[in-house]
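Student: See target-v9.csv below, with CSV, C-alpha atoms.
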```csv
chain,number,residue,atom,x,y,z
A,64,GLN,CA,-55.1,61.9,66.3
A,65,SER,CA,-55.0,64.9,64.0
A,66,VAL,CA,-58.1,66.9,63.1
A,67,LEU,CA,-57.0,66.9,59.5
A,68,THR,CA,-56.3,63.5,57.9
A,69,GLN,CA,-53.4,63.0,55.5
A,70,PRO,CA,-51.9,59.8,54.1
A,71,PRO,CA,-48.7,59.0,56.1
A,72,SER,CA,-46.6,58.6,52.9
A,73,VAL,CA,-46.6,58.8,49.2
A,74,SER,CA,-43.9,58.0,46.6
A,75,ALA,CA,-43.3,58.4,42.9
A,76,ALA,CA,-40.4,58.4,40.5
A,77,PRO,CA,-38.6,61.6,39.3
A,78,ARG,CA,-40.6,63.5,36.6
A,79,GLN,CA,-43.8,61.9,37.7
A,80,ASN,CA,-46.8,63.6,39.3
A,81,VAL,CA,-48.2,63.0,42.8
A,82,THR,CA,-51.1,64.3,44.9
A,83,ILE,CA,-51.5,64.5,48.7
A,84,SER,CA,-55.0,64.6,50.2
A,85,CYS,CA,-56.1,66.4,53.3
A,86,SER,CA,-59.5,65.6,54.7
A,87,GLY,CA,-61.4,67.7,57.3
A,88,SER,CA,-64.9,68.8,58.2
A,89,SER,CA,-67.3,71.7,57.8
A,90,SER,CA,-65.8,73.5,60.8
A,91,ASN,CA,-62.3,73.7,59.3
A,92,ILE,CA,-61.5,73.0,55.6
A,93,GLU,CA,-65.0,73.7,54.2
A,94,ASN,CA,-65.3,77.2,55.7
A,95,ASN,CA,-61.7,78.4,56.0
A,96,TYR,CA,-58.7,78.8,53.8
A,97,VAL,CA,-56.3,75.8,53.5
A,98,PHE,CA,-52.5,76.2,53.7
A,99,TRP,CA,-49.7,73.7,52.8
A,100,TYR,CA,-46.2,73.6,54.2
A,101,GLN,CA,-43.1,71.8,53.1
A,102,GLN,CA,-40.6,70.7,55.7
A,103,LEU,CA,-37.3,69.5,54.3
A,104,PRO,CA,-35.3,67.2,56.6
A,105,GLY,CA,-33.8,69.0,59.5
A,106,THR,CA,-35.3,72.4,58.7
A,107,ALA,CA,-38.2,74.6,59.7
A,108,PRO,CA,-41.4,74.4,57.7
A,109,LYS,CA,-41.9,76.7,54.7
A,110,LEU,CA,-45.1,78.0,53.2
A,111,LEU,CA,-46.0,76.3,49.9
A,112,ILE,CA,-49.7,77.2,49.2
A,113,TYR,CA,-52.0,79.7,50.9
A,114,ASP,CA,-55.7,80.6,50.6
A,115,ASN,CA,-56.4,77.1,49.1
A,116,ASN,CA,-54.6,77.6,45.8
A,117,LYS,CA,-52.2,80.6,45.8
A,118,ARG,CA,-48.4,80.3,45.6
A,119,PRO,CA,-45.8,82.6,47.1
A,120,SER,CA,-43.8,84.1,44.3
A,121,GLU,CA,-40.8,82.0,45.1
A,122,ILE,CA,-42.6,78.7,44.9
A,123,PRO,CA,-42.5,77.1,41.4
A,124,ASP,CA,-45.7,76.4,39.5
A,125,ARG,CA,-45.1,72.7,39.8
A,126,PHE,CA,-46.9,73.0,43.1
A,127,SER,CA,-50.6,73.6,43.1
A,128,GLY,CA,-53.4,73.4,45.6
A,129,SER,CA,-57.2,72.9,45.4
A,130,LYS,CA,-60.1,72.5,47.7
A,131,SER,CA,-63.6,70.9,47.4
A,132,GLY,CA,-66.0,70.7,50.3
A,133,THR,CA,-64.3,69.3,53.3
A,134,SER,CA,-61.1,68.1,51.4
A,135,ALA,CA,-58.1,69.7,49.9
A,136,THR,CA,-55.3,68.4,47.7
A,137,LEU,CA,-51.7,69.4,47.0
A,138,ALA,CA,-50.4,68.4,43.6
A,139,ILE,CA,-46.8,68.3,42.6
A,140,SER,CA,-45.8,67.8,39.0
A,141,GLY,CA,-42.5,66.9,37.5
A,142,LEU,CA,-41.1,65.5,40.7
A,143,GLN,CA,-37.5,66.2,41.6
A,144,THR,CA,-35.3,64.5,44.2
A,145,GLY,CA,-35.2,67.9,46.1
A,146,ASP,CA,-38.9,67.6,46.7
A,147,GLU,CA,-38.4,64.8,49.2
A,148,ALA,CA,-39.9,66.3,52.4
A,149,ASP,CA,-42.8,66.2,54.8
A,150,TYR,CA,-45.9,68.0,53.7
A,151,TYR,CA,-48.5,69.4,56.0
A,152,CYS,CA,-52.0,70.8,55.4
A,153,ALA,CA,-53.3,73.3,57.9
A,154,THR,CA,-56.3,75.5,58.4
A,155,TRP,CA,-58.3,77.2,61.2
A,156,ASP,CA,-61.1,75.3,63.0
A,157,SER,CA,-64.0,77.7,63.7
A,158,SER,CA,-65.5,75.3,66.3
A,159,LEU,CA,-62.3,74.8,68.2
A,160,SER,CA,-61.1,78.4,67.7
A,161,ALA,CA,-57.7,76.9,67.0
A,162,GLY,CA,-55.3,76.2,64.2
A,163,VAL,CA,-55.2,72.6,63.1
A,164,PHE,CA,-52.6,70.6,61.1
A,165,GLY,CA,-52.7,67.4,59.3
A,166,GLY,CA,-50.5,64.6,60.5
A,167,GLY,CA,-48.1,65.1,57.7
A,168,THR,CA,-47.2,63.2,54.5
A,169,LYS,CA,-43.7,62.0,53.8
A,170,LEU,CA,-42.9,62.2,50.1
A,171,THR,CA,-40.3,59.9,48.7
A,172,VAL,CA,-39.0,60.4,45.2
A,173,LEU,CA,-37.8,57.0,44.2
B,1162,GLN,CA,-36.9,90.1,54.8
B,1163,VAL,CA,-38.9,88.6,57.6
B,1164,GLU,CA,-36.9,87.1,60.4
B,1165,LEU,CA,-38.1,85.4,63.6
B,1166,VAL,CA,-35.6,84.3,66.2
B,1167,GLU,CA,-36.7,82.1,69.1
B,1168,SER,CA,-34.8,81.7,72.3
B,1169,GLY,CA,-35.3,80.3,75.8
B,1170,GLY,CA,-35.4,76.6,75.2
B,1171,ARG,CA,-33.5,74.4,77.6
B,1172,VAL,CA,-33.8,71.3,79.8
B,1173,VAL,CA,-36.5,71.7,82.5
B,1174,GLN,CA,-37.8,69.2,85.1
B,1175,PRO,CA,-41.4,67.9,85.0
B,1176,GLY,CA,-43.6,70.4,86.8
B,1177,GLY,CA,-41.2,73.2,86.0
B,1178,SER,CA,-41.7,76.5,84.2
B,1179,LEU,CA,-40.0,78.2,81.2
B,1180,ARG,CA,-40.5,81.3,79.1
B,1181,LEU,CA,-39.8,81.3,75.4
B,1182,SER,CA,-39.2,84.5,73.5
B,1183,CYS,CA,-39.3,85.4,69.8
B,1184,THR,CA,-37.8,88.6,68.3
B,1185,ALA,CA,-39.3,89.7,65.0
B,1186,SER,CA,-37.9,91.9,62.3
B,1187,GLY,CA,-38.5,92.7,58.6
B,1188,PHE,CA,-42.2,93.4,58.9
B,1189,THR,CA,-44.6,95.6,60.8
B,1190,PHE,CA,-45.0,93.5,63.9
B,1191,ASN,CA,-47.9,95.3,65.5
B,1192,THR,CA,-50.2,94.6,62.5
B,1193,HIS,CA,-49.9,90.8,62.4
B,1194,GLY,CA,-51.2,88.0,64.6
B,1195,MET,CA,-48.6,85.5,65.8
B,1196,HIS,CA,-48.5,81.8,66.6
B,1197,TRP,CA,-46.5,79.2,68.4
B,1198,VAL,CA,-46.3,75.7,66.8
B,1199,ARG,CA,-44.4,72.8,68.2
B,1200,GLN,CA,-42.9,69.5,66.9
B,1201,ALA,CA,-42.0,66.6,69.2
B,1202,PRO,CA,-39.0,64.5,68.2
B,1203,GLY,CA,-39.9,62.5,65.1
B,1204,LYS,CA,-43.5,63.7,65.1
B,1205,GLY,CA,-45.6,66.1,63.1
B,1206,LEU,CA,-46.5,69.8,63.6
B,1207,GLU,CA,-48.8,70.7,66.4
B,1208,TRP,CA,-50.4,74.1,66.7
B,1209,VAL,CA,-50.0,75.5,70.2
B,1210,ALA,CA,-51.3,79.0,70.6
B,1211,ALA,CA,-52.0,82.3,68.7
B,1212,ILE,CA,-52.5,85.9,69.6
B,1213,SER,CA,-54.0,88.8,67.7
B,1214,PHE,CA,-52.1,91.9,66.5
B,1215,ASP,CA,-52.8,93.9,69.6
B,1216,GLY,CA,-52.8,91.1,72.2
B,1217,GLY,CA,-56.5,91.4,72.7
B,1218,ASP,CA,-57.4,87.9,71.6
B,1219,GLU,CA,-55.6,84.7,72.6
B,1220,TYR,CA,-56.2,81.1,71.4
B,1221,TYR,CA,-54.9,77.8,72.7
B,1222,GLY,CA,-54.8,74.2,71.8
B,1223,ASP,CA,-56.6,71.9,74.2
B,1224,PRO,CA,-53.4,70.1,75.4
B,1225,VAL,CA,-51.9,73.4,76.7
B,1226,LYS,CA,-54.9,75.3,78.0
B,1227,GLY,CA,-54.4,76.5,81.5
B,1228,ARG,CA,-50.6,75.8,81.4
B,1229,LEU,CA,-49.2,77.8,78.6
B,1230,THR,CA,-49.8,81.6,78.1
B,1231,ILE,CA,-49.0,83.5,74.9
B,1232,SER,CA,-48.3,87.2,75.1
B,1233,ARG,CA,-46.6,89.9,73.1
B,1234,ASP,CA,-44.8,93.3,73.5
B,1235,ASN,CA,-45.3,95.3,70.4
B,1236,SER,CA,-42.9,98.0,71.7
B,1237,ARG,CA,-40.1,95.4,71.6
B,1238,ASN,CA,-41.3,93.4,68.5
B,1239,SER,CA,-41.4,90.4,70.7
B,1240,LEU,CA,-43.6,87.3,71.2
B,1241,PHE,CA,-43.6,85.2,74.4
B,1242,LEU,CA,-44.8,81.8,75.5
B,1243,GLN,CA,-44.9,81.3,79.3
B,1244,MET,CA,-44.9,77.6,80.1
B,1245,SER,CA,-45.8,76.2,83.5
B,1246,SER,CA,-46.6,72.7,84.9
B,1247,LEU,CA,-44.5,71.2,82.2
B,1248,ARG,CA,-45.0,67.6,81.2
B,1249,PRO,CA,-42.7,65.2,79.3
B,1250,GLU,CA,-45.1,65.4,76.4
B,1251,ASP,CA,-44.4,69.1,76.1
B,1252,ALA,CA,-40.9,68.3,74.9
B,1253,ALA,CA,-40.5,69.6,71.4
B,1254,VAL,CA,-39.0,72.2,69.1
B,1255,TYR,CA,-41.1,75.3,69.5
B,1256,TYR,CA,-41.5,77.5,66.4
B,1257,CYS,CA,-42.6,81.1,66.4
B,1258,ALA,CA,-44.6,82.0,63.3
B,1259,LYS,CA,-46.2,85.0,61.7
B,1260,ASP,CA,-49.8,85.2,60.6
B,1261,PHE,CA,-50.9,86.6,57.2
B,1262,THR,CA,-53.4,88.8,58.9
B,1263,ALA,CA,-54.0,90.8,62.1
B,1264,PHE,CA,-56.4,88.1,63.5
B,1265,PRO,CA,-55.6,84.4,63.7
B,1266,GLY,CA,-58.4,82.6,62.1
B,1267,ARG,CA,-58.8,84.9,59.1
B,1268,GLY,CA,-55.5,83.5,57.7
B,1269,LEU,CA,-52.7,81.3,59.0
B,1270,ILE,CA,-48.9,81.2,59.0
B,1271,ASP,CA,-46.7,82.6,56.3
B,1272,TYR,CA,-43.3,82.7,58.0
B,1273,TRP,CA,-41.6,80.5,60.5
B,1274,GLY,CA,-38.6,80.9,62.8
B,1275,LEU,CA,-35.9,78.2,63.1
B,1276,GLY,CA,-37.3,77.0,66.5
B,1277,THR,CA,-36.0,76.5,70.0
B,1278,ARG,CA,-35.8,73.1,71.7
B,1279,VAL,CA,-37.5,72.4,75.0
B,1280,THR,CA,-36.6,69.2,76.8
B,1281,VAL,CA,-38.6,68.1,79.8
B,1282,SER,CA,-36.7,65.5,81.9
B,1283,ALA,CA,-35.7,64.8,85.4
```
Transcribe the structure of this file into structure tokens.
Tutor:
Amino acid sequence: QSVLTQPPSVSAAPRQNVTISCSGSSSNIENNYVFWYQQLPGTAPKLLIYDNNKRPSEIPDRFSGSKSGTSATLAISGLQTGDEADYYCATWDSSLSAGVFGGGTKLTVL
Amino acid sequence: QVELVESGGRVVQPGGSLRLSCTASGFTFNTHGMHWVRQAPGKGLEWVAAISFDGGDEYYGDPVKGRLTISRDNSRNSLFLQMSSLRPEDAAVYYCAKDFTAFPGRGLIDYWGLGTRVTVSA
């Protein structure tokens, strides 16, 4: 059972938009930065979003992040087949003094 | 560019020990915290442990406390994970990862290695 809760899967058609939610608590999401990682099949994870809503320079602006209270959201617009991957939210938990990940969300582009 | 190269993964018997290594390049190693994250076959990412820039602070996930020990050698740009009393549930790909900041908890991971596989089996 993960500390952060994500839906196991989401799906949408190419060129559509999708959101992935990440639910936590006051000891993690509410008081710490949220990060999102993309893991393409058979590869290592890659940073997608940091500090709740910032993108590394190489990440297209189709990817965006937001946070409100104890929840965070990853939004992907203009879906492409290459976006099919597992997406993980993560943050630090101040009570546990540990990093925590969501269980991951598998994105299928139909 | 940042590069993290893990090594040391192999097949080990339950109850056995293993030491994973990670060699870092492309950034100033002694100014960044470091992490180990694992992924069991077909499962999600699980945070394992982290260490501050100078090795002065260590953090562990509950499943590994008392059995796994994170350490670093800044003179060799290297991160280590000493694993003991290994269990079948420790079998996973272990990723070495770089923290944004000097202290885990103020940031999190910005770069990942490719991983090294640990198999725990008799």
Student: For B:Gly1268, which of B:Gly1227, B:Tyr1221, B:Gly1205, B:His1193 is the closest residue, counting only C-alpha atoms?
Tutor: B:His1193
Student: Between B:Glu1219, B:Glu1250, B:Glu1167, B:Glu1207, which has the minimum distance to chain A (counting all atoms listed in the file)?
Tutor: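 Selected residue with least distance to chain A: B:Glu1207.
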Student: Taking 3 positions as the minimum chain separation for residues in the same chain, which residues sit within 10 Å of stretch 1176-1184 of chain B when counting only C-alpha atoms? Answer as a ChimeraX atom specification.
Tutor: /B:1164-1173,1190,1197,1228-1234,1237-1249,1255-1258,1274,1276-1279,1281-1283
Student: Write the residues of the preceding selection, restricted to C-alpha atoms, as a PDB file, in the frame of the given file.
Tutor:
```pdb
ATOM      1  CA  GLU B1164     -36.900  87.100  60.400  1.00  0.00           C
ATOM      2  CA  LEU B1165     -38.100  85.400  63.600  1.00  0.00           C
ATOM      3  CA  VAL B1166     -35.600  84.300  66.200  1.00  0.00           C
ATOM      4  CA  GLU B1167     -36.700  82.100  69.100  1.00  0.00           C
ATOM      5  CA  SER B1168     -34.800  81.700  72.300  1.00  0.00           C
ATOM      6  CA  GLY B1169     -35.300  80.300  75.800  1.00  0.00           C
ATOM      7  CA  GLY B1170     -35.400  76.600  75.200  1.00  0.00           C
ATOM      8  CA  ARG B1171     -33.500  74.400  77.600  1.00  0.00           C
ATOM      9  CA  VAL B1172     -33.800  71.300  79.800  1.00  0.00           C
ATOM     10  CA  VAL B1173     -36.500  71.700  82.500  1.00  0.00           C
ATOM     11  CA  PHE B1190     -45.000  93.500  63.900  1.00  0.00           C
ATOM     12  CA  TRP B1197     -46.500  79.200  68.400  1.00  0.00           C
ATOM     13  CA  ARG B1228     -50.600  75.800  81.400  1.00  0.00           C
ATOM     14  CA  LEU B1229     -49.200  77.800  78.600  1.00  0.00           C
ATOM     15  CA  THR B1230     -49.800  81.600  78.100  1.00  0.00           C
ATOM     16  CA  ILE B1231     -49.000  83.500  74.900  1.00  0.00           C
ATOM     17  CA  SER B1232     -48.300  87.200  75.100  1.00  0.00           C
ATOM     18  CA  ARG B1233     -46.600  89.900  73.100  1.00  0.00           C
ATOM     19  CA  ASP B1234     -44.800  93.300  73.500  1.00  0.00           C
ATOM     20  CA  ARG B1237     -40.100  95.400  71.600  1.00  0.00           C
ATOM     21  CA  ASN B1238     -41.300  93.400  68.500  1.00  0.00           C
ATOM     22  CA  SER B1239     -41.400  90.400  70.700  1.00  0.00           C
ATOM     23  CA  LEU B1240     -43.600  87.300  71.200  1.00  0.00           C
ATOM     24  CA  PHE B1241     -43.600  85.200  74.400  1.00  0.00           C
ATOM     25  CA  LEU B1242     -44.800  81.800  75.500  1.00  0.00           C
ATOM     26  CA  GLN B1243     -44.900  81.300  79.300  1.00  0.00           C
ATOM     27  CA  MET B1244     -44.900  77.600  80.100  1.00  0.00           C
ATOM     28  CA  SER B1245     -45.800  76.200  83.500  1.00  0.00           C
ATOM     29  CA  SER B1246     -46.600  72.700  84.900  1.00  0.00           C
ATOM     30  CA  LEU B1247     -44.500  71.200  82.200  1.00  0.00           C
ATOM     31  CA  ARG B1248     -45.000  67.600  81.200  1.00  0.00           C
ATOM     32  CA  PRO B1249     -42.700  65.200  79.300  1.00  0.00           C
ATOM     33  CA  TYR B1255     -41.100  75.300  69.500  1.00  0.00           C
ATOM     34  CA  TYR B1256     -41.500  77.500  66.400  1.00  0.00           C
ATOM     35  CA  CYS B1257     -42.600  81.100  66.400  1.00  0.00           C
ATOM     36  CA  ALA B1258     -44.600  82.000  63.300  1.00  0.00           C
ATOM     37  CA  GLY B1274     -38.600  80.900  62.800  1.00  0.00           C
ATOM     38  CA  GLY B1276     -37.300  77.000  66.500  1.00  0.00           C
ATOM     39  CA  THR B1277     -36.000  76.500  70.000  1.00  0.00           C
ATOM     40  CA  ARG B1278     -35.800  73.100  71.700  1.00  0.00           C
ATOM     41  CA  VAL B1279     -37.500  72.400  75.000  1.00  0.00           C
ATOM     42  CA  VAL B1281     -38.600  68.100  79.800  1.00  0.00           C
ATOM     43  CA  SER B1282     -36.700  65.500  81.900  1.00  0.00           C
ATOM     44  CA  ALA B1283     -35.700  64.800  85.400  1.00  0.00           C
TER      45      ALA B1283
END
```
Student: I'd like to know which of B:Leu1206, B:Met1195, B:Asp1260, B:Arg1267 is closest to A:Tyr150, using all atoms listed in the file.
Tutor: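 Distance minimum relative to A:Tyr150 lands on B:Leu1206.
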Student: Starting from chain B, keep only residues with some atom at most 6 Å from an atom of chain A, counting only C-alpha atoms, and report them as a ChimeraX atom specification.
Tutor: /B:1205,1208,1266,1271,1275
Student: Report, in Å to a single decimal, how far apart atom CA of B:Gln1162 and atom CA of A:Glu121 are.
Tutor: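 Value for the atom CA of A:Glu121-atom CA of B:Gln1162 distance: 13.2 Å.
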Student: Near A:Ala135, counting all atoms listed in the file, which residues have an atom at most 6 Å away, once you skip same-chain residues fewer than 4 positions from it, shown as an mmCIF file with C-alpha atoms, keeping the file's coordinate frame?
Tutor:
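And here's part_36.cif as it stands now:
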```
data_model
loop_
_atom_site.group_PDB
_atom_site.id
_atom_site.type_symbol
_atom_site.label_atom_id
_atom_site.label_comp_id
_atom_site.auth_asym_id
_atom_site.auth_seq_id
_atom_site.Cartn_x
_atom_site.Cartn_y
_atom_site.Cartn_z
ATOM 1 C CA SER A 84 -55.000 64.600 50.200
ATOM 2 C CA CYS A 85 -56.100 66.400 53.300
ATOM 3 C CA SER A 129 -57.200 72.900 45.400
ATOM 4 C CA LYS A 130 -60.100 72.500 47.700
#
```
Student: Which distance in Å separates atom CA of B:Thr1280 and atom CA of B:Tyr1220, to one decimal?
Tutor: 23.6 Å
Student: Ranking B:Ala1263, B:Ala1211, B:Ile1270, B:Val1225 by minimum distance to B:Asp1251 and counting only C-alpha atoms, which one comes first?
Tutor: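 Smallest separation from B:Asp1251 among the options: B:Val1225.
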Student: State, in Å with one decimal place, the distance from atom CA of B:Ala1252 to atom CA of B:Trp1273.
Tutor: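 Separation between atom CA of B:Ala1252 and atom CA of B:Trp1273: 18.9 Å.
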Student: For A:Phe126, which of A:Asn94, A:Thr144, A:Ser88, A:Asn80 is the closest residue, counting all atoms listed in the file?
Tutor: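 Closest residue, counting all atoms listed in the file: A:Asn80.
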